[in-house]
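Dropping query.cif in here (mmCIF, C-alpha atoms):
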```
data_upload
#
loop_
_atom_site.label_atom_id
_atom_site.label_comp_id
_atom_site.auth_asym_id
_atom_site.auth_seq_id
_atom_site.Cartn_x
_atom_site.Cartn_y
_atom_site.Cartn_z
CA MET A 1 9.67 16.92 -33.12
CA VAL A 2 6.05 17.41 -32.11
CA THR A 3 5.10 21.08 -32.07
CA SER A 4 3.07 21.76 -28.95
CA PRO A 5 0.16 24.22 -29.05
CA SER A 6 1.65 25.92 -26.02
CA LEU A 7 4.70 25.86 -23.83
CA GLN A 8 2.70 24.53 -20.92
CA PRO A 9 4.39 21.40 -19.58
CA VAL A 10 3.61 17.81 -20.38
CA THR A 11 3.47 16.13 -16.96
CA LEU A 12 4.01 12.52 -15.91
CA PHE A 13 3.11 11.44 -12.36
CA ILE A 14 4.52 8.38 -10.58
CA PRO A 15 4.91 7.41 -6.91
CA SER A 16 8.72 7.30 -6.87
CA LEU A 17 11.92 6.63 -8.80
CA SER A 18 12.31 3.11 -7.45
CA GLY A 19 13.53 0.37 -9.74
CA GLY A 20 10.11 -1.02 -10.65
CA GLY A 21 9.01 -1.69 -14.21
CA ALA A 22 6.29 0.97 -14.29
CA GLU A 23 8.65 3.63 -12.94
CA ARG A 24 11.32 2.68 -15.49
CA VAL A 25 8.77 2.95 -18.32
CA PHE A 26 7.77 6.45 -17.20
CA VAL A 27 11.37 7.62 -16.88
CA ASN A 28 12.02 6.41 -20.43
CA LEU A 29 8.82 8.03 -21.70
CA ALA A 30 9.66 11.34 -20.01
CA ASN A 31 13.13 11.34 -21.56
CA GLU A 32 11.69 10.59 -25.00
CA PHE A 33 8.89 13.16 -24.63
CA ALA A 34 11.61 15.77 -24.03
CA ARG A 35 13.20 14.77 -27.34
CA GLN A 36 9.95 14.72 -29.29
CA THR A 37 8.12 17.83 -28.08
CA ALA A 38 9.09 21.46 -27.70
CA ALA A 39 7.07 21.75 -24.48
CA PRO A 40 8.73 21.38 -21.07
CA VAL A 41 8.45 17.88 -19.62
CA HIS A 42 7.89 17.46 -15.88
CA LEU A 43 8.27 14.17 -14.01
CA VAL A 44 6.28 14.60 -10.79
CA VAL A 45 7.01 12.11 -8.00
CA ALA A 46 5.50 11.71 -4.56
CA ARG A 47 9.03 11.23 -3.26
CA SER A 48 12.33 11.70 -5.05
CA GLY A 49 15.46 9.60 -4.84
CA GLY A 50 15.90 5.98 -5.84
CA PRO A 51 17.85 3.86 -8.32
CA LEU A 52 16.28 5.54 -11.37
CA LEU A 53 17.16 9.11 -10.39
CA ASP A 54 20.32 9.15 -12.49
CA ALA A 55 18.41 7.77 -15.49
CA VAL A 56 16.27 10.91 -15.79
CA SER A 57 17.44 13.19 -18.60
CA ALA A 58 18.72 16.66 -17.78
CA ASP A 59 16.00 17.91 -20.15
CA VAL A 60 13.30 16.60 -17.78
CA ARG A 61 12.39 18.57 -14.67
CA ILE A 62 11.83 16.41 -11.59
CA VAL A 63 9.15 17.80 -9.27
CA ASP A 64 9.37 16.25 -5.79
CA LEU A 65 6.08 16.50 -3.86
CA GLY A 66 7.87 15.50 -0.65
CA ARG A 67 5.52 12.72 0.46
CA LYS A 68 6.60 9.24 1.56
CA ARG A 69 3.43 7.65 0.20
CA VAL A 70 1.52 8.44 -2.94
CA VAL A 71 -1.80 8.48 -1.04
CA HIS A 72 -0.56 11.59 0.80
CA ALA A 73 0.41 13.40 -2.42
CA MET A 74 -3.02 14.64 -3.50
CA LEU A 75 -2.82 18.15 -2.01
CA PRO A 76 0.75 18.83 -3.23
CA LEU A 77 -0.26 17.56 -6.68
CA LEU A 78 -3.32 19.82 -6.60
CA GLY A 79 -1.05 22.77 -5.84
CA TYR A 80 1.23 21.80 -8.71
CA LEU A 81 -1.68 21.59 -11.19
CA ARG A 82 -3.02 25.00 -10.14
CA ARG A 83 0.43 26.55 -10.33
CA GLU A 84 1.81 25.01 -13.53
CA ARG A 85 -1.41 24.42 -15.53
CA PRO A 86 0.08 21.60 -17.66
CA GLN A 87 -1.42 20.86 -21.05
CA ALA A 88 -1.56 17.12 -20.30
CA LEU A 89 -1.17 14.81 -17.30
CA LEU A 90 -0.22 11.12 -17.54
CA SER A 91 -0.15 8.83 -14.49
CA THR A 92 0.38 5.14 -13.85
CA MET A 93 -0.40 2.54 -11.14
CA SER A 94 -3.82 2.38 -9.50
CA GLU A 95 -3.25 4.48 -6.36
CA ALA A 96 -1.36 7.15 -8.31
CA ASN A 97 -4.12 7.20 -10.92
CA VAL A 98 -6.78 7.79 -8.26
CA ILE A 99 -4.72 10.56 -6.63
CA ALA A 100 -4.10 12.17 -10.03
CA LEU A 101 -7.80 12.09 -10.92
CA LEU A 102 -8.81 13.57 -7.54
CA ALA A 103 -6.27 16.40 -7.80
CA TRP A 104 -7.22 17.03 -11.44
CA GLN A 105 -10.91 17.32 -10.56
CA LEU A 106 -10.30 19.63 -7.60
CA ALA A 107 -8.09 21.80 -9.81
CA GLY A 108 -11.03 22.27 -12.18
CA ARG A 109 -9.94 19.74 -14.83
CA PRO A 110 -7.27 22.11 -16.17
CA CYS A 111 -5.81 19.74 -18.77
CA ARG A 112 -6.22 16.50 -20.61
CA ILE A 113 -5.60 13.48 -18.36
CA ALA A 114 -4.63 9.93 -19.31
CA ILE A 115 -4.12 7.08 -16.87
CA ARG A 116 -2.10 3.93 -17.50
CA GLU A 117 -3.33 0.76 -15.80
CA THR A 118 -1.01 -2.16 -15.15
CA CYS A 119 -2.04 -3.74 -11.86
CA ALA A 120 -4.75 -6.08 -13.15
CA LYS A 121 -3.08 -9.24 -14.33
CA GLY A 122 -5.93 -11.45 -15.38
CA SER A 123 -6.56 -12.86 -11.93
CA ASP A 124 -8.61 -11.88 -8.94
CA GLU A 125 -5.37 -11.46 -7.01
CA ALA A 126 -4.85 -8.26 -8.99
CA MET A 127 -7.66 -6.83 -6.85
CA PRO A 128 -6.87 -8.19 -3.36
CA PRO A 129 -9.44 -8.02 -0.56
CA GLY A 130 -9.22 -5.76 2.44
CA LEU A 131 -10.59 -2.40 3.54
CA ARG A 132 -7.91 -0.32 1.83
CA GLN A 133 -8.23 -2.22 -1.45
CA SER A 134 -12.02 -2.11 -1.26
CA ALA A 135 -11.82 1.68 -0.93
CA LEU A 136 -9.39 1.82 -3.84
CA ARG A 137 -11.69 -0.26 -6.05
CA TRP A 138 -14.65 1.97 -5.13
CA MET A 139 -12.70 5.08 -6.08
CA MET A 140 -11.50 3.48 -9.32
CA ARG A 141 -15.13 2.72 -10.25
CA ARG A 142 -16.08 6.33 -9.59
CA LEU A 143 -13.05 8.09 -11.06
CA TYR A 144 -11.67 6.01 -13.93
CA PRO A 145 -14.57 6.82 -16.32
CA ARG A 146 -13.73 10.51 -15.93
CA ALA A 147 -10.26 10.20 -17.45
CA ASP A 148 -9.96 11.34 -21.05
CA THR A 149 -8.09 8.14 -21.93
CA MET A 150 -7.01 4.98 -20.16
CA VAL A 151 -3.98 3.17 -21.55
CA VAL A 152 -3.96 -0.59 -20.98
CA ILE A 153 -0.83 -2.63 -21.57
CA ALA A 154 -2.63 -5.95 -22.13
CA ASP A 155 -6.16 -7.10 -22.87
CA ASP A 156 -6.19 -8.95 -19.54
CA VAL A 157 -5.95 -5.62 -17.73
CA LEU A 158 -9.16 -4.29 -19.25
CA ALA A 159 -10.98 -7.60 -18.75
CA THR A 160 -10.02 -7.75 -15.07
CA LEU A 161 -11.10 -4.15 -14.49
CA GLN A 162 -14.48 -4.87 -16.05
CA ARG A 163 -14.91 -7.99 -13.89
CA ALA A 164 -14.33 -5.72 -10.88
CA GLY A 165 -17.05 -3.35 -12.10
CA ILE A 166 -14.60 -0.70 -13.34
CA TYR A 167 -15.62 0.61 -16.76
CA PRO A 168 -13.29 3.27 -18.14
CA GLY A 169 -14.25 5.54 -20.98
CA ARG A 170 -11.93 5.70 -23.98
CA CYS A 171 -9.20 3.04 -23.98
CA CYS A 172 -5.93 2.73 -25.88
CA HIS A 173 -3.90 -0.48 -25.98
CA ILE A 174 -0.23 0.57 -25.99
CA GLY A 175 2.55 -1.85 -25.06
CA ASN A 176 5.64 -0.94 -23.09
CA PRO A 177 8.78 0.29 -24.84
CA VAL A 178 12.00 -1.65 -25.02
CA THR A 179 14.59 -0.15 -22.68
CA PRO A 180 16.67 2.18 -24.91
CA LEU A 181 20.03 0.49 -24.38
CA ALA A 182 18.63 -2.80 -25.62
CA THR A 183 17.62 -1.32 -28.98
CA SER A 184 20.79 0.65 -29.53
CA THR A 185 23.46 -1.84 -28.55
CA SER A 186 24.18 -5.10 -30.30
CA THR A 187 24.64 -8.25 -28.24
CA ALA A 188 28.33 -8.48 -29.04
CA ALA A 189 29.00 -4.80 -28.41
CA ALA A 190 27.14 -4.87 -25.11
CA ALA A 191 29.13 -7.89 -23.96
CA GLU A 192 32.43 -6.25 -24.86
CA ALA A 193 31.69 -2.74 -23.59
CA THR A 194 30.27 -3.48 -20.16
CA THR A 195 31.26 -5.22 -16.98
CA MET A 196 29.08 -7.63 -15.09
CA PRO A 197 27.42 -6.42 -11.88
CA SER A 198 28.92 -7.20 -8.51
CA GLY A 199 28.44 -10.87 -7.70
CA LEU A 200 28.66 -12.00 -11.33
CA GLU A 201 32.05 -10.65 -12.40
CA SER A 202 33.85 -13.68 -10.93
CA LEU A 203 31.93 -16.31 -12.88
CA PRO A 204 34.24 -19.02 -14.23
CA ASP A 205 35.10 -18.71 -17.93
CA GLU A 206 33.31 -21.97 -18.73
CA ALA A 207 30.07 -20.90 -17.02
CA GLN A 208 26.96 -20.79 -19.20
CA LEU A 209 24.57 -18.22 -17.79
CA ILE A 210 20.78 -18.36 -17.59
CA CYS A 211 19.25 -15.11 -16.39
CA THR A 212 15.96 -13.68 -15.23
CA ALA A 213 14.95 -10.35 -13.71
CA GLY A 214 12.21 -8.87 -11.58
CA ARG A 215 11.07 -8.09 -8.07
CA LEU A 216 11.73 -10.99 -5.71
CA VAL A 217 8.05 -11.61 -5.01
CA GLU A 218 5.69 -14.57 -5.26
CA ALA A 219 4.16 -13.46 -8.56
CA LYS A 220 7.46 -13.85 -10.41
CA GLY A 221 7.70 -17.57 -9.64
CA PHE A 222 11.43 -17.60 -8.93
CA ASP A 223 10.90 -20.49 -6.51
CA LEU A 224 9.59 -22.48 -9.46
CA LEU A 225 12.58 -21.43 -11.55
CA LEU A 226 15.04 -22.63 -8.89
CA ALA A 227 13.31 -26.00 -8.74
CA ALA A 228 13.34 -26.30 -12.55
CA PHE A 229 16.97 -25.17 -12.77
CA SER A 230 18.01 -27.85 -10.28
CA ARG A 231 16.58 -30.50 -12.63
CA LEU A 232 18.84 -29.52 -15.53
CA GLN A 233 21.75 -31.30 -13.81
CA ASP A 234 24.43 -29.49 -15.81
CA PRO A 235 27.26 -28.24 -13.58
CA GLY A 236 28.29 -25.72 -16.24
CA LEU A 237 25.01 -23.82 -16.03
CA HIS A 238 24.65 -20.83 -13.69
CA LEU A 239 21.48 -18.89 -12.87
CA ALA A 240 21.37 -15.13 -12.23
CA ILE A 241 18.21 -13.65 -10.69
CA LEU A 242 18.42 -9.86 -11.04
CA GLY A 243 16.34 -7.78 -8.65
CA ASP A 244 15.52 -7.01 -5.03
CA GLY A 245 12.56 -7.93 -2.91
CA PRO A 246 11.22 -9.56 0.26
CA LEU A 247 11.86 -13.16 -0.87
CA ARG A 248 15.62 -12.84 -1.27
CA GLN A 249 16.53 -14.87 1.83
CA ALA A 250 13.89 -17.50 1.10
CA LEU A 251 15.29 -17.98 -2.42
CA LEU A 252 18.85 -18.26 -1.12
CA GLU A 253 17.70 -20.85 1.41
CA GLN A 254 15.85 -22.79 -1.29
CA ALA A 255 18.99 -22.81 -3.45
CA ARG A 256 20.96 -24.25 -0.51
CA GLU A 257 18.34 -26.94 0.08
CA LEU A 258 18.47 -27.89 -3.60
CA GLY A 259 22.27 -28.06 -3.54
CA ILE A 260 22.70 -25.41 -6.25
CA GLU A 261 23.75 -22.43 -4.13
CA GLU A 262 27.20 -22.28 -5.80
CA ARG A 263 25.56 -21.82 -9.21
CA VAL A 264 22.77 -19.39 -8.24
CA HIS A 265 23.52 -15.67 -8.07
CA LEU A 266 21.34 -12.86 -6.69
CA PRO A 267 23.27 -9.63 -7.34
CA GLY A 268 20.33 -7.38 -6.41
CA PHE A 269 18.96 -4.52 -8.47
CA VAL A 270 20.78 -4.10 -11.79
CA ALA A 271 20.18 -0.79 -13.57
CA GLN A 272 20.92 -2.21 -17.02
CA PRO A 273 19.91 -5.90 -17.07
CA GLN A 274 20.61 -6.01 -20.81
CA HIS A 275 24.33 -6.18 -20.01
CA VAL A 276 23.77 -9.48 -18.23
CA MET A 277 21.41 -10.69 -20.96
CA ALA A 278 24.09 -10.02 -23.57
CA ARG A 279 26.35 -12.53 -21.83
CA SER A 280 23.64 -15.12 -21.21
CA ARG A 281 22.59 -18.17 -23.18
CA LEU A 282 18.96 -17.98 -22.09
CA PHE A 283 16.40 -15.72 -20.43
CA VAL A 284 13.56 -17.26 -18.42
CA SER A 285 10.31 -15.65 -17.25
CA SER A 286 8.78 -18.02 -14.68
CA SER A 287 5.92 -15.73 -13.63
CA ARG A 288 2.65 -16.92 -12.13
CA ARG A 289 1.03 -13.77 -13.52
CA GLU A 290 2.23 -10.71 -15.38
CA GLY A 291 1.16 -7.41 -16.81
CA PHE A 292 3.43 -6.37 -19.66
CA PRO A 293 6.88 -7.78 -18.82
CA ASN A 294 9.45 -5.21 -19.93
CA VAL A 295 12.36 -7.55 -19.31
CA LEU A 296 10.94 -10.03 -21.82
CA LEU A 297 11.23 -7.36 -24.51
CA ASP A 298 14.73 -6.51 -23.33
CA ALA A 299 15.71 -10.17 -23.67
CA LEU A 300 14.31 -10.35 -27.21
CA ALA A 301 16.16 -7.15 -28.10
CA SER A 302 19.35 -8.77 -26.83
CA GLY A 303 18.74 -11.62 -29.27
CA ILE A 304 19.04 -14.45 -26.74
CA PRO A 305 16.61 -17.41 -26.57
CA VAL A 306 13.63 -16.98 -24.25
CA VAL A 307 11.40 -19.23 -22.16
CA ALA A 308 8.22 -17.80 -20.62
CA THR A 309 5.13 -19.09 -18.89
CA ARG A 310 1.79 -18.76 -20.62
CA CYS A 311 0.45 -16.91 -17.58
CA PRO A 312 -2.21 -14.17 -17.47
CA GLY A 313 -0.74 -11.06 -19.05
CA ALA A 314 1.06 -10.14 -22.27
CA SER A 315 3.92 -12.68 -22.33
CA ALA A 316 2.34 -14.99 -24.92
CA ASP A 317 1.37 -12.02 -27.09
CA ILE A 318 4.90 -10.61 -26.98
CA LEU A 319 6.29 -13.98 -28.08
CA GLU A 320 3.53 -14.27 -30.71
CA GLN A 321 2.23 -17.50 -29.15
CA GLY A 322 5.63 -19.22 -29.22
CA ARG A 323 7.07 -17.95 -32.48
CA HIS A 324 9.89 -16.11 -30.72
CA GLY A 325 10.32 -18.19 -27.58
CA VAL A 326 9.31 -21.33 -25.75
CA LEU A 327 5.99 -21.06 -23.88
CA VAL A 328 5.19 -23.40 -20.98
CA PRO A 329 2.25 -23.69 -18.57
CA PRO A 330 2.52 -21.57 -15.40
CA GLU A 331 3.37 -23.25 -12.09
CA ASP A 332 4.58 -26.42 -13.86
CA ILE A 333 8.15 -27.13 -12.76
CA GLU A 334 8.67 -30.13 -15.05
CA SER A 335 7.42 -28.25 -18.12
CA LEU A 336 9.61 -25.28 -17.22
CA ALA A 337 12.70 -27.50 -16.96
CA THR A 338 11.84 -29.20 -20.26
CA GLY A 339 11.29 -25.83 -21.93
CA MET A 340 14.66 -24.58 -20.71
CA LYS A 341 16.39 -27.67 -22.12
CA ARG A 342 14.66 -27.17 -25.45
CA ALA A 343 15.55 -23.49 -25.62
CA LEU A 344 19.19 -24.23 -24.86
CA GLN A 345 19.36 -26.91 -27.56
CA ASP A 346 16.99 -25.76 -30.32
CA PRO A 347 15.34 -22.40 -29.60
CA PRO A 348 12.53 -21.03 -31.77
CA GLY A 349 13.56 -18.31 -34.20
CA THR A 350 16.93 -16.64 -34.62
CA PRO A 351 18.68 -13.75 -32.87
CA GLU A 352 17.69 -11.57 -35.80
CA SER A 353 14.01 -12.54 -35.67
CA ARG A 354 13.87 -11.96 -31.92
CA GLN A 355 15.46 -8.54 -32.28
CA ALA A 356 13.07 -7.69 -35.11
CA ARG A 357 10.13 -8.54 -32.87
CA ALA A 358 11.46 -6.25 -30.13
CA SER A 359 12.05 -3.40 -32.58
CA GLY A 360 8.28 -2.99 -32.97
CA PHE A 361 8.27 -1.74 -29.37
CA ASN A 362 11.04 0.81 -29.78
CA LEU A 363 10.88 3.79 -27.44
CA PRO A 364 10.43 6.60 -30.01
CA HIS A 365 7.43 4.84 -31.57
CA ILE A 366 5.76 4.03 -28.24
CA ALA A 367 6.35 7.57 -26.93
CA GLN A 368 4.85 9.00 -30.10
CA ARG A 369 1.75 6.87 -29.61
CA TYR A 370 1.39 8.14 -26.04
CA LEU A 371 1.68 11.74 -27.20
CA HIS A 372 -0.71 11.35 -30.12
CA GLU A 373 -3.25 8.74 -29.02
CA ALA A 374 -3.40 9.11 -25.24
CA LEU A 375 -2.56 12.77 -24.71
CA GLU A 376 -3.58 14.08 -28.16
CA ILE A 377 -0.48 16.22 -28.53
CA GLY A 378 0.46 16.60 -32.19
CA GLU A 379 -1.03 14.78 -35.15
CA PRO A 380 -2.59 11.35 -34.48
CA GLN A 381 -0.72 8.37 -35.85
CA VAL A 382 -2.63 5.15 -36.46
CA SER A 383 -0.57 2.08 -35.66
CA PRO A 384 -1.47 -1.34 -37.11
CA GLY A 385 -1.13 -2.88 -33.66
CA SER A 386 -3.08 -0.24 -31.79
CA VAL A 387 -6.40 -0.74 -30.06
CA SER A 388 -8.51 2.31 -29.33
CA HIS A 389 -12.17 2.09 -28.46
CA LEU A 390 -14.88 3.23 -26.10
CA CYS A 391 -15.43 0.93 -23.15
CA PRO A 392 -18.90 0.37 -21.68
CA GLY A 393 -19.92 3.05 -19.22
CA GLU A 394 -20.23 6.78 -19.39
CA ARG A 395 -17.73 9.44 -18.49
CA ALA A 396 -19.09 11.23 -15.44
#
```

Starting from the file, lay out its structure as C-alpha cells.
Amino acid sequence: MVTSPSLQPVTLFIPSLSGGGAERVFVNLANEFARQTAAPVHLVVARSGGPLLDAVSADVRIVDLGRKRVVHAMLPLLGYLRRERPQALLSTMSEANVIALLAWQLAGRPCRIAIRETCAKGSDEAMPPGLRQSALRWMMRRLYPRADTMVVIADDVLATLQRAGIYPGRCCHIGNPVTPLATSTSTAAAAEATTMPSGLESLPDEAQLICTAGRLVEAKGFDLLLAAFSRLQDPGLHLAILGDGPLRQALLEQARELGIEERVHLPGFVAQPQHVMARSRLFVSSSRREGFPNVLLDALASGIPVVATRCPGASADILEQGRHGVLVPPEDIESLATGMKRALQDPPGTPESRQARASGFNLPHIAQRYLHEALEIGEPQVSPGSVSHLCPGERA
C-alpha cells in the first residue's frame, strides 16, 4: 500500500457514471486507488446515477455535484476543492479537463493536478468544428499547459493535440487497464459461472458467436461489421453487438436488409462484456478511429482470437502490429470479412499468448503508475513501456 503524506483525499473527476469507456476506467482506478493508498479516495461526478454506480467500491466516496452537464459543474467543483483540499486531482475527457483546470486555478492551485486526454483519435474529426468546439479548443490551448501532468493513452492523442495547437507540459503515456474481471477469471470459469445477458441466453446450442462491444456510433464502424459478417455465409455464426447508442435502429434495419437479422443480436449495455467474450469464438473491432480500446484488452484477456482495424489509435500497438490478432485496413469490408475468416480458421498466437499480452495492462500496475508518475503519490516506479517527457510549450 502506498503511504500518503497526508490523509487529504485523492480525487478523480468525471462527468457521470454512464457506461462509457473513460468512465469505466476511472471507476476501476478509483477502486484500485482505495486499495493501494491509505488516503481517502473521492470520485467526483457532475451528476450521479448510471450503469456504473454499482461498480464503485464501498471504499470510494462518490461526490455528486448535482449538475446535468459537466460544463455547469465548475462552481460546485470549486467549492469542493476549497472545502476538501485534496492532495491530488485527476480528470478525464476534454470538457471535464477544462472545468477541472478552471476550478483548480480559481481555488488557488491547492493540489497537484493531472489530466487524461482521450478524445483525439488521430484525425481532425477528434476536434470537430463549431462555436462550442472552437471555444473548447481555445480553452484547451490556454489551460492544458498549466496541468502538472497530462496522461495520454496513445501517441496519436498527443500528435493530434499538437496539430490543433495544444501543447501540454509534462506528458506521461499510460495505457488503460484491463477490466478486473477479465484478469481474474479464466475463460472456462467465466463461461461456467455466468449467464448470458438478456437477448443472448436463448442462442441455439450449435451457434458460434462473434462479438463486439462499444457505443453504437459511426466511429465504431458497426455498419461495416454487419456488411462483412453477411459475407461469411455461415448459418451457424451469430453476431452480438454489445452497447447502446443512437444508431441502434439503423443497425437493426441494416441487418434486416442484409437478411441476417435472425443471427444479429443487440442486447444493449452489458456491464461485464467479458462474460459474452468467454463464450465467443471471435472478437472484432471494426472501428474507423479509436483512442485506447478497453474492450480489445478485455478480449485478449479472455483468450479469444481478435480482429481489429489498423485505424488511428492504439489498436495496432495493443496487438503488437498483428502478433496477437489479425489487423485489417479500416473501412474495408472485404478485408474485414477475410480477416474474420482467417481468425476463425487460423488465428495468430494462442489463448495463453493473448492473455499474457493483456496481463501487462493489469489494473494494479496501471493504477500504481497513475499514483506514482501522474500524481506523484508514493515512490516513482519506472516502467519499461512508459513514456514521460516534456512537450513543447511552457507551463503558464

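Of the residues under consideration (A:Arg163, A:Asn97, A:Phe269, A:Gly49), A:Asn97 shows the shortest atom-to-atom contact distance to Pro145 (chain A) when counting only C-alpha atoms.
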
Point-to-point distance in Å for CA of Ala374 (chain A) and CA of Ser18 (chain A): 24.5 Å

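The spacing separating CA of Ile153 (chain A) from CA of Ile166 (chain A) amounts to 16.2 Å.
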
Taking the file as shown, what set of residues would the PyMOL selection byres ((chain A and resi 231) around 12) give back, as a CSV table (one decimal) with C-alpha atoms, in the coordinates of the input?
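In the end it all went to result_27.csv:
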```csv
chain,number,residue,atom,x,y,z
A,224,LEU,CA,9.6,-22.5,-9.5
A,225,LEU,CA,12.6,-21.4,-11.6
A,226,LEU,CA,15.0,-22.6,-8.9
A,227,ALA,CA,13.3,-26.0,-8.7
A,228,ALA,CA,13.3,-26.3,-12.6
A,229,PHE,CA,17.0,-25.2,-12.8
A,230,SER,CA,18.0,-27.8,-10.3
A,232,LEU,CA,18.8,-29.5,-15.5
A,233,GLN,CA,21.8,-31.3,-13.8
A,234,ASP,CA,24.4,-29.5,-15.8
A,235,PRO,CA,27.3,-28.2,-13.6
A,237,LEU,CA,25.0,-23.8,-16.0
A,258,LEU,CA,18.5,-27.9,-3.6
A,259,GLY,CA,22.3,-28.1,-3.5
A,260,ILE,CA,22.7,-25.4,-6.2
A,333,ILE,CA,8.2,-27.1,-12.8
A,334,GLU,CA,8.7,-30.1,-15.0
A,335,SER,CA,7.4,-28.2,-18.1
A,336,LEU,CA,9.6,-25.3,-17.2
A,337,ALA,CA,12.7,-27.5,-17.0
A,338,THR,CA,11.8,-29.2,-20.3
A,339,GLY,CA,11.3,-25.8,-21.9
A,340,MET,CA,14.7,-24.6,-20.7
A,341,LYS,CA,16.4,-27.7,-22.1
```

Using the chain letters and numbers from the file, give me the residues hit by the PyMOL selection byres ((chain A and resi 350) around 10), as a PyMOL selection string. chain A and resi 303-305+324-325+347-349+351-356

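Here the question is which of A:Val270, A:Leu242, A:Val44, A:Leu53 gets nearest to Thr212 (chain A) using only C-alpha atoms, and that residue is A:Leu242.
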
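Across the model, the gap from CA of Met277 (chain A) to CA of Val151 (chain A) is 28.9 Å.
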